[in-house]
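Asker: Starting off with a structure, shown below.
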Amino acid sequence: MTWGNRIKMTVGILVVLALVAVFTVIFTQRQAQVISTSAAIASQDFSVGTDYSGTVTSTDAEVGDRVKKGDVLFSLQSPSLQKDLADDVVVPDTDAYTVDDDGTITFMATVDGTLSQLDVREGGFLGSGTSVATIEKAGTLFVDADFTLTPRDYERIQDGATVDVMLAQPAGRRGQRRPGQRADQGRRGRGHRPRGQRPAERGGLQRPRRERHAGRGDHAPPRRRHPRRARGHHAGLPAPDRGLTIPGARRKTTGRSGRRDRSGSPIASGPARHPREARVEIRPAPRLPTLRRVLAGVALGTAGVLVLAGCTGGSDTDADTTGRPDAGGDVFPASQVDPLVAALPQESVGTVPTMRLADGLVPPTNTWFSGLVFGDEPTPVFPFPISFQLTQAGFAAGLPVPVASEKAIVSPALPDVTLDVQASATEISAYDDVSVTVAHLDGDAVLGHTTVAEGSPVVSYTAATAQTDTLGTAVTTVGDGRGTFTVGSTTWGVAVTDGGLDGTAVRLDEGGSVVLVPLPDGATDEQVRTVLDAAASPLTSVTTAHRASGSGSSAVSTTELGYETAAGGDTLLVPAPHMGDAATGGGTGLGYDTIYGTVPLSIGSTLAFDAPVTTASTGLDLSGLSDDQRTQLEDQVEVDVARTAETPVDTYYGGKALYRSAMLLQLARQLGDDASAETLRTSVVDRLDRWTDPSGCETREQECFVYDPAVKGVVGKAASFGSDEFNDHYFHYGYFLYAAGVVAADDPELAERWRPVMDLLAADIASGADNGSFPDRRAFDPYWSHSWASGYSPFADGNNQESSSEAVNAYAGLSLWAAATGDDALGDEASWMLSGEASSALAYWLAPDLTGPTSAGYGHAIVSLTWGGKRDYGTWFSAEPSAIAGIQLIPLSPTSVSYLTSSAGGGARQIARVVDEASASGFDRPLGDYVLMYSALEGPDQAAAALTALADLPETGIDDGNSRAYAMAYVMTAGAR
């Protein structure tokens with residue numbers, strides 16, 4: 001071999017070795033790399049808000065400013081704060097704000113950081129209960145990344161790995177659609193989120209339970225922000241070509257957990273998603289690039305990133321975010337209810353109705369829009385303040401006109417505006433607690449979707465294909481894609497996006513929309529433009545969140561409704577009267593006349609309002625009774641125990657009988673009557689054992705429950721008052737829950753024994769986890785804070801509720817059952833529903849404001865039947881004034897004392913008005929015993945008179961769910977207050 005060949009061979013060997021080395025390095029590096037499946041930059045965000053509404057007097061910071069703790073952000077002058085200060089209510093200064101004697105609140109930064117949101121302007125109105133500013137805390141940025149690892153790699157995770165963070169390229173903002181994507185794509189149910197999706201997935205409220213203060217400041221935890229992609233670097237992050245070392249890695253179990261401090265306890269604030277996304281790559285440690293060592297480096301880096309996400313808590317998108325930070329989890333998830341449902345006999349007790357409902361949706365009985373879903377023909381519904389109804393080829397909407405008479409205030413549905421989309425059929429394609437979306441079909445093809453919601457005056461139609469639709473009245477254009485037309489005395493506005501207007505023709509591109517809104521009387525041209533601009537983006541869904549704050553008599557339950565549009569941002573909102581003036585900011589100076597008076601039209605994205613917390617109680621407070629009174633009660637308890645007859649076998653009267661015995665049992669316990677207590681306990685336990693036998697309906701036709709797989713709910717085999725059509729379930733089951741909650745309060749064995757069926761009764765009316773077996777919160781409407789009684793709602797006036805007090809009793813019973821079983825998540829939800837229902841019972845039934853001009857001519861102190869489109873003085877079962885008032889009082893449980901005697905109840909004057917009207921023919925009338933008991937709340941003299949009258953009341957004058965002993969105890973304790 002020549003030297004030339006030797007040199008060539010040597011060079012060749014070196015080249016081959018170099019190539020092998022390079023490829024080995026590349027191979028080992030690739031073996032060492034793990035790229036995140038998703039990653040984002042996150043930070044701790046702190047929200048600022050106020051519990052007092054008012055006018056912004058000054059702003060001292062702008063979005064983007066770097067602020068330090070104590071820097072002034074803005075000032076607010078609040079008339080309601082002035083009143084509280086004048087009434088000697090102490091509102092202390094905190095790190096978040098200072099309070100001046102003239103009612104001015106000065107809000108300050110509570111942490112060092114960057115002001116990323118400030119939704120205030122000088123001279124503007126700021127409502128209470130909303131977050132108006134956000135501070136990104138300095139020095140808290142971190143990377144939250146998800147990785148996919150094999151079990152072998154996961155086992156090799158070690159500390160000290162290094163990772164690269166590369167920021168992604170810009171992309172579209174939240175609310176923008178991808179090219180070719182329809183407005184409804186990517187959302188379950190052809191519209192928006194199904195009822196029960198957690199608000200965290202839609203940016204819902206996530207504030208902790210806290211003391212009530214003038215401002216929120218650092219009491220509010222970071223709020224989750226929707227990510228957007230961004231270019232470049234952010235303070236606190238390394239450059240993309242530098243490694244980010246993540247020390248202290250530790251293993252992370254599957255699933256996500258709430259952020260916790262080092263002791264393992266939940267903490268009030270946590271990281272929120274920062275508006276930047278990123279990609280994270282593991283970098284191998286600088287050591288010999290063997291496959292084993294590189295894989296070890298991969299594991300190390302992965303461990304570091306996992307710990308970075310796990311130790312800092314991530315954005316916690318899987319956590320419960322219904323506003324109850326202390327909740328123990330979802331309310332009746334599928335994993336809990338599925339085996340319980342499977343244990344019950346499956347049977348439809350009533351005739352299954354026709355349902356216009358997309359596959360996969362749980363039938364929404366007992367909602368304001370149930371009339372659109374059930375029955376051979378759809379009926380009108382009332383998404384306050386408008387009416388809405390389906391037509392053969394599209395829909396019709398109107399602004400109802402209130403008319404008052406001596407016994408009713410009515411506002412029938414009006415088909416003022418119509419839109420013909422050439423549909424041949426319709427079905428409900430999606431719904432949530434407050435909104436509903438209708439799919440308009442031509443055969444199997446979807447033409448488009450219409451969404452309406454309570455608290456929104458707009459009707460939003462979005463086209464699924466390019467089309468030309470027809471309005472019932474020609475439009476006068478007032479701008480690009482804007483127009484108005486008048487029908488009768490109402491002028492309507494039209495806003496078209498991705499399309500055009502020409503007379504009655506509405507041309508829409510695929511994904512284009514037309515929004516219709518009634519224009520309030522007296523609106524100027526400038527106000528019309530403002531209203532149409534705010535209405536232009538179609539409504540898509542409404543999120544619901546709730547929380548509790550404060551303690552004792554100052555405790556409140558807050559509801560927050562988030563109205564979402566296709567483009568994001570604000571829309572038109574109409575708060576209900578019970579929400580108060582501060583439910584939303586951004587007033588337009590305009591309003592609508594309704595059966596509840598004149599309500600304001602606002603611009604915003606959130607309605608937030610408070611209700612005093614009502615606490616469920618197992619028994620009356622007998623501590624103030626004299627020895628003589630206690631002796632009288634002991635004697636009467638013995639008599640009533642002896643008079644306890646055979647109990648009814650249907651779910652309404654059977655439930656009332658159980659409740660009656662439970663109240664007697666509690667009295668016997670409190671009075672030390674062990675013999676009566678044992679007799680009553682044995683009776684109640686035996687009856688509840690029978691009712692809670694899961695297989696009971698396999699051997700008998702009464703005192704048992706089945707599961708209806710078609711309409712999805714638990715039904716008593718012996719139906720009453722249309723319970724087989726899902727009427728009044730919460731009335732019926734509330735009595736069962738109250739009785740079981742009282743008896744099992746100190747007996748965990750009993751609670752566990754009854755739980756398989758009692759939990760199903762609770763789940764039927766209070767599910768909250770989209771479990772597929774029941775609708776979430778079957779009857780409770782968070783917009784109105786009250787429930788709807790009719791299952792299928794086959795009425796032209798919408799759905800209705802008669803007995804507000806039995807609704808309160810239902811959620812009180814739910815709360816007691818949650819306490820007996822230790823179900824914290826159910827307890828939080830029950831408290832929210834109980835507090836809302838008690839508040840609305842006073843606001844709309846028992847102590848309503850009937851002073852406005854739209855109520856002129858109505859001649860009574862109360863309203864006993866509330867419908868979507870009218871308010872009635874009457875009942876379903878009797879025209880007697882005692883029954884009309886009594887149905888708002890029954891059963892006067894121990895829980896009723898607190899809300900009936902609150903200031904919102906109207907005080908002694910309102911009690912006297914109600915009693916005088918209801919007892920004109922004496923108390924020996926239907927439900928007259930409850931009217932008599934209620935009269936005792938007026939004061940000590942009235943309580944003494946009521947006790948005398950009660951002694952003269954014949955036994956036939958005592959309701960079957962009541963007892964003379966309990967009535968006496970209620971009156972005596974009222975007099976001793």
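We label chains A, B, ... in the order they appear in the structure tokens, count residues from 1 in each chain, and number ligands from 1 in the order shown.
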With only C-alpha atoms as the counted atoms, please give the residues lying no more than 8 Å from Leu441 (chain A), apart from itself and same-chain residues fewer than 4 positions off, as a list in words.

Answerer: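 Counting only the stated atoms, we get Ala423, Ser424, Ala425, Thr426, Glu427, Ala445, Val446, Leu447 and Gly448 of chain A.
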
Asker: Filtering to all heavy atoms, could you give me those residues as an mmCIF file, in the first residue's frame?

Answerer:
data_model
loop_
_atom_site.group_PDB
_atom_site.id
_atom_site.type_symbol
_atom_site.label_atom_id
_atom_site.label_comp_id
_atom_site.auth_asym_id
_atom_site.auth_seq_id
_atom_site.Cartn_x
_atom_site.Cartn_y
_atom_site.Cartn_z
ATOM 1 N N ALA A 423 -86.167 27.362 7.645
ATOM 2 C CA ALA A 423 -85.954 26.103 8.360
ATOM 3 C C ALA A 423 -87.203 25.238 8.278
ATOM 4 O O ALA A 423 -88.326 25.737 8.142
ATOM 5 C CB ALA A 423 -85.615 26.380 9.815
ATOM 6 N N SER A 424 -87.009 23.933 8.388
ATOM 7 C CA SER A 424 -88.133 23.003 8.430
ATOM 8 C C SER A 424 -88.297 22.378 9.810
ATOM 9 O O SER A 424 -89.316 21.765 10.088
ATOM 10 C CB SER A 424 -87.927 21.891 7.395
ATOM 11 O OG SER A 424 -86.731 21.167 7.663
ATOM 12 N N ALA A 425 -87.295 22.559 10.680
ATOM 13 C CA ALA A 425 -87.357 21.991 12.028
ATOM 14 C C ALA A 425 -86.354 22.723 12.911
ATOM 15 O O ALA A 425 -85.478 23.446 12.423
ATOM 16 C CB ALA A 425 -87.042 20.492 11.998
ATOM 17 N N THR A 426 -86.508 22.533 14.213
ATOM 18 C CA THR A 426 -85.571 23.121 15.168
ATOM 19 C C THR A 426 -85.259 22.108 16.262
ATOM 20 O O THR A 426 -86.031 21.185 16.510
ATOM 21 C CB THR A 426 -86.155 24.383 15.834
ATOM 22 O OG1 THR A 426 -87.379 24.040 16.500
ATOM 23 C CG2 THR A 426 -86.403 25.484 14.834
ATOM 24 N N GLU A 427 -84.133 22.316 16.919
ATOM 25 C CA GLU A 427 -83.804 21.550 18.114
ATOM 26 C C GLU A 427 -82.885 22.394 18.992
ATOM 27 O O GLU A 427 -82.167 23.268 18.508
ATOM 28 C CB GLU A 427 -83.129 20.224 17.769
ATOM 29 C CG GLU A 427 -81.753 20.355 17.154
ATOM 30 C CD GLU A 427 -81.110 19.004 16.853
ATOM 31 O OE1 GLU A 427 -81.818 17.975 16.904
ATOM 32 O OE2 GLU A 427 -79.891 18.983 16.569
ATOM 33 N N ALA A 445 -79.449 19.163 7.601
ATOM 34 C CA ALA A 445 -78.491 20.254 7.477
ATOM 35 C C ALA A 445 -78.792 21.371 8.476
ATOM 36 O O ALA A 445 -79.953 21.756 8.665
ATOM 37 C CB ALA A 445 -78.513 20.812 6.057
ATOM 38 N N VAL A 446 -77.762 21.890 9.105
ATOM 39 C CA VAL A 446 -77.904 23.002 10.039
ATOM 40 C C VAL A 446 -77.761 24.311 9.271
ATOM 41 O O VAL A 446 -76.737 24.569 8.648
ATOM 42 C CB VAL A 446 -76.847 22.928 11.161
ATOM 43 C CG1 VAL A 446 -76.975 24.128 12.089
ATOM 44 C CG2 VAL A 446 -76.979 21.632 11.932
ATOM 45 N N LEU A 447 -78.808 25.135 9.340
ATOM 46 C CA LEU A 447 -78.770 26.430 8.666
ATOM 47 C C LEU A 447 -78.088 27.488 9.523
ATOM 48 O O LEU A 447 -77.400 28.368 9.012
ATOM 49 C CB LEU A 447 -80.196 26.879 8.326
ATOM 50 C CG LEU A 447 -80.996 25.943 7.416
ATOM 51 C CD1 LEU A 447 -82.428 26.449 7.273
ATOM 52 C CD2 LEU A 447 -80.319 25.839 6.056
ATOM 53 N N GLY A 448 -78.323 27.416 10.823
ATOM 54 C CA GLY A 448 -77.738 28.403 11.720
ATOM 55 C C GLY A 448 -78.221 28.186 13.135
ATOM 56 O O GLY A 448 -79.001 27.265 13.415
#

Asker: A:Pro577, A:Trp368, A:Glu802, A:Gly957: which is nearest Pro848 (chain A), counting only C-alpha atoms?

Answerer: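 Once distances to Pro848 (chain A) are computed over only C-alpha atoms, the minimum belongs to A:Pro577.
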
Asker: With distances taken over only C-alpha atoms, which residue among A:Ser549, A:Val494, A:Leu590, A:Glu136 lies nearest Thr524 (chain A)?

Answerer: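 Closest residue, counting only C-alpha atoms: A:Leu590.
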
Asker: Please list as a list in words every residue within 9 Å of region 669-686 of chain A, counting only C-alpha atoms and excluding residues in the same chain fewer than 6 positions away.

Answerer: Gly619, Leu622, Arg630, Thr631, Leu633, Glu634, Val637, Glu638, Val641, Leu658, Ser661, Ala662, Ala739, Ala740, Val743 and Leu750 of chain A

Asker: Keeping only all heavy atoms, take the residues you just selected and write them out as a compact mmCIF listing (two decimals), in the first residue's frame.

Answerer:
# COMPACT_ATOMS: atom_id res chain seq x y z
N GLY A 619 -83.57 23.05 64.18
CA GLY A 619 -84.61 23.22 65.20
C GLY A 619 -84.78 24.65 65.63
O GLY A 619 -83.93 25.52 65.38
N LEU A 622 -85.31 27.32 71.58
CA LEU A 622 -86.23 27.30 72.74
C LEU A 622 -85.60 27.91 73.98
O LEU A 622 -86.22 27.88 75.06
CB LEU A 622 -86.64 25.85 73.06
CG LEU A 622 -87.24 25.02 71.93
CD1 LEU A 622 -87.71 23.66 72.49
CD2 LEU A 622 -88.38 25.73 71.25
N ARG A 630 -92.47 25.54 78.34
CA ARG A 630 -91.86 24.26 78.03
C ARG A 630 -92.77 23.11 78.45
O ARG A 630 -92.89 22.10 77.74
CB ARG A 630 -90.49 24.13 78.69
CG ARG A 630 -89.46 25.14 78.18
CD ARG A 630 -88.14 25.02 78.94
NE ARG A 630 -87.44 23.79 78.59
CZ ARG A 630 -86.55 23.68 77.61
NH1 ARG A 630 -86.27 24.74 76.85
NH2 ARG A 630 -85.96 22.53 77.37
N THR A 631 -93.42 23.27 79.61
CA THR A 631 -94.36 22.24 80.07
C THR A 631 -95.53 22.12 79.11
O THR A 631 -95.96 21.00 78.79
CB THR A 631 -94.86 22.58 81.48
OG1 THR A 631 -93.75 22.62 82.38
CG2 THR A 631 -95.86 21.53 81.96
N LEU A 633 -95.54 22.75 75.97
CA LEU A 633 -95.06 22.09 74.75
C LEU A 633 -94.89 20.59 74.97
O LEU A 633 -95.23 19.79 74.08
CB LEU A 633 -93.73 22.72 74.32
CG LEU A 633 -93.79 24.09 73.64
CD1 LEU A 633 -92.39 24.55 73.27
CD2 LEU A 633 -94.67 24.05 72.40
N GLU A 634 -94.35 20.19 76.10
CA GLU A 634 -94.17 18.76 76.38
C GLU A 634 -95.51 18.04 76.32
O GLU A 634 -95.62 16.94 75.74
CB GLU A 634 -93.54 18.57 77.76
CG GLU A 634 -92.07 18.99 77.84
CD GLU A 634 -91.54 18.84 79.26
OE1 GLU A 634 -92.07 18.01 80.01
OE2 GLU A 634 -90.59 19.57 79.61
N VAL A 637 -96.67 17.82 72.67
CA VAL A 637 -95.90 16.85 71.88
C VAL A 637 -96.45 15.45 72.09
O VAL A 637 -96.62 14.68 71.12
CB VAL A 637 -94.39 16.91 72.25
CG1 VAL A 637 -93.66 15.68 71.70
CG2 VAL A 637 -93.76 18.18 71.71
N GLU A 638 -96.74 15.09 73.33
CA GLU A 638 -97.29 13.77 73.61
C GLU A 638 -98.62 13.57 72.88
O GLU A 638 -98.88 12.49 72.33
CB GLU A 638 -97.48 13.58 75.11
CG GLU A 638 -96.18 13.50 75.90
CD GLU A 638 -96.42 13.30 77.38
OE1 GLU A 638 -97.61 13.16 77.77
OE2 GLU A 638 -95.45 13.28 78.16
N VAL A 641 -97.91 13.17 69.09
CA VAL A 641 -97.33 11.88 68.76
C VAL A 641 -98.42 10.82 68.71
O VAL A 641 -98.45 9.97 67.80
CB VAL A 641 -96.25 11.49 69.80
CG1 VAL A 641 -95.81 10.03 69.61
CG2 VAL A 641 -95.05 12.43 69.68
N LEU A 658 -93.06 12.97 56.82
CA LEU A 658 -91.74 12.73 57.41
C LEU A 658 -91.20 14.01 58.05
O LEU A 658 -90.63 13.98 59.15
CB LEU A 658 -90.78 12.24 56.33
CG LEU A 658 -90.92 10.78 55.90
CD1 LEU A 658 -90.17 10.52 54.60
CD2 LEU A 658 -90.43 9.84 57.00
N SER A 661 -92.93 14.71 61.40
CA SER A 661 -92.42 13.86 62.48
C SER A 661 -91.02 14.29 62.90
O SER A 661 -90.68 14.24 64.09
CB SER A 661 -92.39 12.40 62.03
OG SER A 661 -93.71 11.90 61.85
N ALA A 662 -90.20 14.70 61.94
CA ALA A 662 -88.84 15.14 62.29
C ALA A 662 -88.86 16.39 63.16
O ALA A 662 -88.05 16.53 64.08
CB ALA A 662 -88.04 15.39 61.01
N ALA A 739 -86.01 16.11 56.61
CA ALA A 739 -86.25 15.10 57.65
C ALA A 739 -85.02 14.24 57.87
O ALA A 739 -84.58 14.00 59.00
CB ALA A 739 -87.45 14.23 57.29
N ALA A 740 -84.42 13.76 56.76
CA ALA A 740 -83.23 12.90 56.90
C ALA A 740 -82.07 13.68 57.49
O ALA A 740 -81.29 13.14 58.29
CB ALA A 740 -82.85 12.33 55.53
N VAL A 743 -82.68 13.93 61.36
CA VAL A 743 -82.59 12.67 62.09
C VAL A 743 -81.17 12.11 62.06
O VAL A 743 -80.69 11.54 63.04
CB VAL A 743 -83.59 11.64 61.52
CG1 VAL A 743 -83.46 10.30 62.24
CG2 VAL A 743 -85.02 12.17 61.66
N LEU A 750 -76.85 6.03 60.16
CA LEU A 750 -78.10 6.24 59.44
C LEU A 750 -77.87 6.97 58.12
O LEU A 750 -78.44 6.61 57.09
CB LEU A 750 -79.08 7.05 60.30
CG LEU A 750 -79.90 6.30 61.34
CD1 LEU A 750 -80.81 7.27 62.08
CD2 LEU A 750 -80.72 5.19 60.70

Asker: I need the strand (DSSP E) residues of region 451-623 of chain A per DSSP on the backbone, written as number ranges by chain.

Answerer: A: 451-453, 459-463, 467-471, 476-479, 482-487, 490-502, 505-519, 539-549, 556-565, 571-573, 587-594, 597-604, 606-612

Asker: Write out as a PyMOL selection string the residues lying within 9 Å of Ala463 (chain A), counting only C-alpha atoms and excluding same-chain residues fewer than 4 positions away.

Answerer: chain A and resi 182-183+446-450+467+508-514

Asker: Now that the selection is made, can you save its residues with all heavy atoms as an mmCIF file, in the first residue's frame?

Answerer:
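Writing the result to result38.cif gives the following:
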data_model
loop_
_atom_site.group_PDB
_atom_site.id
_atom_site.type_symbol
_atom_site.label_atom_id
_atom_site.label_comp_id
_atom_site.auth_asym_id
_atom_site.auth_seq_id
_atom_site.Cartn_x
_atom_site.Cartn_y
_atom_site.Cartn_z
ATOM 1 N N ARG A 182 -66.284 27.649 11.653
ATOM 2 C CA ARG A 182 -67.555 28.298 11.950
ATOM 3 C C ARG A 182 -67.555 28.770 13.385
ATOM 4 O O ARG A 182 -66.812 28.292 14.225
ATOM 5 C CB ARG A 182 -68.719 27.330 11.732
ATOM 6 C CG ARG A 182 -68.891 26.909 10.277
ATOM 7 C CD ARG A 182 -70.313 26.387 10.091
ATOM 8 N NE ARG A 182 -70.681 25.407 11.057
ATOM 9 C CZ ARG A 182 -70.507 24.101 10.899
ATOM 10 N NH1 ARG A 182 -69.926 23.638 9.817
ATOM 11 N NH2 ARG A 182 -70.896 23.257 11.833
ATOM 12 N N ALA A 183 -68.467 29.692 13.661
ATOM 13 C CA ALA A 183 -68.529 30.256 15.012
ATOM 14 C C ALA A 183 -68.836 29.205 16.043
ATOM 15 O O ALA A 183 -68.492 29.340 17.208
ATOM 16 C CB ALA A 183 -69.583 31.363 15.064
ATOM 17 N N VAL A 446 -77.762 21.890 9.105
ATOM 18 C CA VAL A 446 -77.904 23.002 10.039
ATOM 19 C C VAL A 446 -77.761 24.311 9.271
ATOM 20 O O VAL A 446 -76.737 24.569 8.648
ATOM 21 C CB VAL A 446 -76.847 22.928 11.161
ATOM 22 C CG1 VAL A 446 -76.975 24.128 12.089
ATOM 23 C CG2 VAL A 446 -76.979 21.632 11.932
ATOM 24 N N LEU A 447 -78.808 25.135 9.340
ATOM 25 C CA LEU A 447 -78.770 26.430 8.666
ATOM 26 C C LEU A 447 -78.088 27.488 9.523
ATOM 27 O O LEU A 447 -77.400 28.368 9.012
ATOM 28 C CB LEU A 447 -80.196 26.879 8.326
ATOM 29 C CG LEU A 447 -80.996 25.943 7.416
ATOM 30 C CD1 LEU A 447 -82.428 26.449 7.273
ATOM 31 C CD2 LEU A 447 -80.319 25.839 6.056
ATOM 32 N N GLY A 448 -78.323 27.416 10.823
ATOM 33 C CA GLY A 448 -77.738 28.403 11.720
ATOM 34 C C GLY A 448 -78.221 28.186 13.135
ATOM 35 O O GLY A 448 -79.001 27.265 13.415
ATOM 36 N N HIS A 449 -77.766 29.041 14.034
ATOM 37 C CA HIS A 449 -78.093 28.927 15.454
ATOM 38 C C HIS A 449 -78.556 30.268 16.000
ATOM 39 O O HIS A 449 -77.973 31.308 15.696
ATOM 40 C CB HIS A 449 -76.868 28.463 16.256
ATOM 41 C CG HIS A 449 -76.375 27.107 15.888
ATOM 42 N ND1 HIS A 449 -75.444 26.896 14.901
ATOM 43 C CD2 HIS A 449 -76.692 25.875 16.379
ATOM 44 C CE1 HIS A 449 -75.200 25.593 14.794
ATOM 45 N NE2 HIS A 449 -75.941 24.953 15.682
ATOM 46 N N THR A 450 -79.586 30.225 16.850
ATOM 47 C CA THR A 450 -80.078 31.407 17.542
ATOM 48 C C THR A 450 -79.847 31.232 19.033
ATOM 49 O O THR A 450 -80.182 30.195 19.599
ATOM 50 C CB THR A 450 -81.584 31.632 17.284
ATOM 51 O OG1 THR A 450 -81.784 31.814 15.886
ATOM 52 C CG2 THR A 450 -82.081 32.863 18.026
ATOM 53 N N GLN A 467 -76.233 32.503 3.201
ATOM 54 C CA GLN A 467 -77.690 32.473 3.019
ATOM 55 C C GLN A 467 -78.248 33.889 3.009
ATOM 56 O O GLN A 467 -77.582 34.841 3.429
ATOM 57 C CB GLN A 467 -78.343 31.691 4.158
ATOM 58 C CG GLN A 467 -78.042 32.246 5.543
ATOM 59 C CD GLN A 467 -78.420 31.291 6.665
ATOM 60 O OE1 GLN A 467 -79.429 31.470 7.331
ATOM 61 N NE2 GLN A 467 -77.579 30.270 6.883
ATOM 62 N N LEU A 508 -76.155 36.896 4.698
ATOM 63 C CA LEU A 508 -75.129 36.468 5.646
ATOM 64 C C LEU A 508 -74.151 35.524 4.964
ATOM 65 O O LEU A 508 -74.548 34.592 4.264
ATOM 66 C CB LEU A 508 -75.760 35.752 6.848
ATOM 67 C CG LEU A 508 -76.718 36.565 7.719
ATOM 68 C CD1 LEU A 508 -77.339 35.666 8.789
ATOM 69 C CD2 LEU A 508 -75.999 37.745 8.361
ATOM 70 N N ASP A 509 -72.851 35.786 5.173
ATOM 71 C CA ASP A 509 -71.838 34.824 4.762
ATOM 72 C C ASP A 509 -71.824 33.672 5.758
ATOM 73 O O ASP A 509 -72.441 33.743 6.829
ATOM 74 C CB ASP A 509 -70.454 35.492 4.746
ATOM 75 C CG ASP A 509 -70.397 36.661 3.780
ATOM 76 O OD1 ASP A 509 -71.160 36.654 2.805
ATOM 77 O OD2 ASP A 509 -69.588 37.582 4.026
ATOM 78 N N GLU A 510 -71.104 32.598 5.427
ATOM 79 C CA GLU A 510 -70.926 31.526 6.401
ATOM 80 C C GLU A 510 -70.238 32.083 7.631
ATOM 81 O O GLU A 510 -69.194 32.738 7.548
ATOM 82 C CB GLU A 510 -70.081 30.398 5.817
ATOM 83 C CG GLU A 510 -69.858 29.247 6.786
ATOM 84 C CD GLU A 510 -69.014 28.136 6.196
ATOM 85 O OE1 GLU A 510 -68.763 28.173 4.978
ATOM 86 O OE2 GLU A 510 -68.598 27.246 6.969
ATOM 87 N N GLY A 511 -70.840 31.880 8.816
ATOM 88 C CA GLY A 511 -70.313 32.441 10.049
ATOM 89 C C GLY A 511 -70.775 33.858 10.308
ATOM 90 O O GLY A 511 -70.471 34.414 11.369
ATOM 91 N N GLY A 512 -71.496 34.454 9.362
ATOM 92 C CA GLY A 512 -72.035 35.796 9.576
ATOM 93 C C GLY A 512 -73.183 35.773 10.563
ATOM 94 O O GLY A 512 -73.777 34.728 10.848
ATOM 95 N N SER A 513 -73.535 36.943 11.087
ATOM 96 C CA SER A 513 -74.564 36.992 12.129
ATOM 97 C C SER A 513 -75.447 38.218 11.983
ATOM 98 O O SER A 513 -75.035 39.246 11.434
ATOM 99 C CB SER A 513 -73.912 37.000 13.520
ATOM 100 O OG SER A 513 -73.112 38.160 13.685
ATOM 101 N N VAL A 514 -76.661 38.090 12.491
ATOM 102 C CA VAL A 514 -77.579 39.210 12.623
ATOM 103 C C VAL A 514 -78.070 39.218 14.068
ATOM 104 O O VAL A 514 -78.459 38.184 14.612
ATOM 105 C CB VAL A 514 -78.761 39.117 11.632
ATOM 106 C CG1 VAL A 514 -79.504 37.795 11.762
ATOM 107 C CG2 VAL A 514 -79.720 40.284 11.833
#

Asker: Any idea what the distance is between CA of Ser815 (chain A) and CA of Ala830 (chain A)?

Answerer: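 These two atoms are separated by 5.1 Å.
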
Asker: With a cut-off of 10 Å, could you pull out the residues of region 339-358 of chain A touching region 694-706 of chain A and give me the nearest pair of atoms for each, distance in Å to one decimal, using only C-alpha atoms, ordered by chain and ascending number, as a tab-separated table?

Answerer:
residue	atom	partner	partner_atom	distance
A:Leu340	CA	A:Pro694	CA	8.4
A:Val341	CA	A:Val706	CA	8.8
A:Ala342	CA	A:Pro694	CA	9.6
A:Ala343	CA	A:Pro694	CA	6.2
A:Leu344	CA	A:Pro694	CA	5.3
A:Pro345	CA	A:Val706	CA	5.1
A:Gln346	CA	A:Val706	CA	5.8
A:Glu347	CA	A:Val706	CA	6.1
A:Ser348	CA	A:Val706	CA	8.1
A:Val349	CA	A:Val706	CA	8.2

Asker: Just write the chosen residues, N, CA and C atoms, as a CSV table (one decimal), in the first residue's frame.

Answerer:
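Produced file result.csv, reproduced below:
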chain,number,residue,atom,x,y,z
A,340,LEU,N,-75.2,4.5,41.7
A,340,LEU,CA,-76.5,4.7,42.4
A,340,LEU,C,-77.7,4.6,41.5
A,341,VAL,N,-77.5,5.3,40.3
A,341,VAL,CA,-78.6,5.2,39.3
A,341,VAL,C,-78.8,3.8,38.8
A,342,ALA,N,-77.7,3.1,38.6
A,342,ALA,CA,-77.8,1.7,38.1
A,342,ALA,C,-78.5,0.8,39.1
A,343,ALA,N,-78.5,1.1,40.4
A,343,ALA,CA,-79.2,0.3,41.4
A,343,ALA,C,-80.7,0.5,41.5
A,344,LEU,N,-81.2,1.6,40.9
A,344,LEU,CA,-82.6,1.8,40.9
A,344,LEU,C,-83.3,1.1,39.7
A,345,PRO,N,-84.5,0.7,39.9
A,345,PRO,CA,-85.3,0.2,38.7
A,345,PRO,C,-85.4,1.3,37.7
A,346,GLN,N,-85.3,1.0,36.4
A,346,GLN,CA,-85.4,2.0,35.3
A,346,GLN,C,-86.8,2.0,34.7
A,347,GLU,N,-87.5,3.1,34.8
A,347,GLU,CA,-88.8,3.1,34.3
A,347,GLU,C,-89.3,4.6,34.1
A,348,SER,N,-90.0,4.8,33.0
A,348,SER,CA,-90.7,6.1,32.8
A,348,SER,C,-92.1,6.0,33.4
A,349,VAL,N,-92.3,6.7,34.5
A,349,VAL,CA,-93.6,6.6,35.2
A,349,VAL,C,-94.7,7.3,34.4
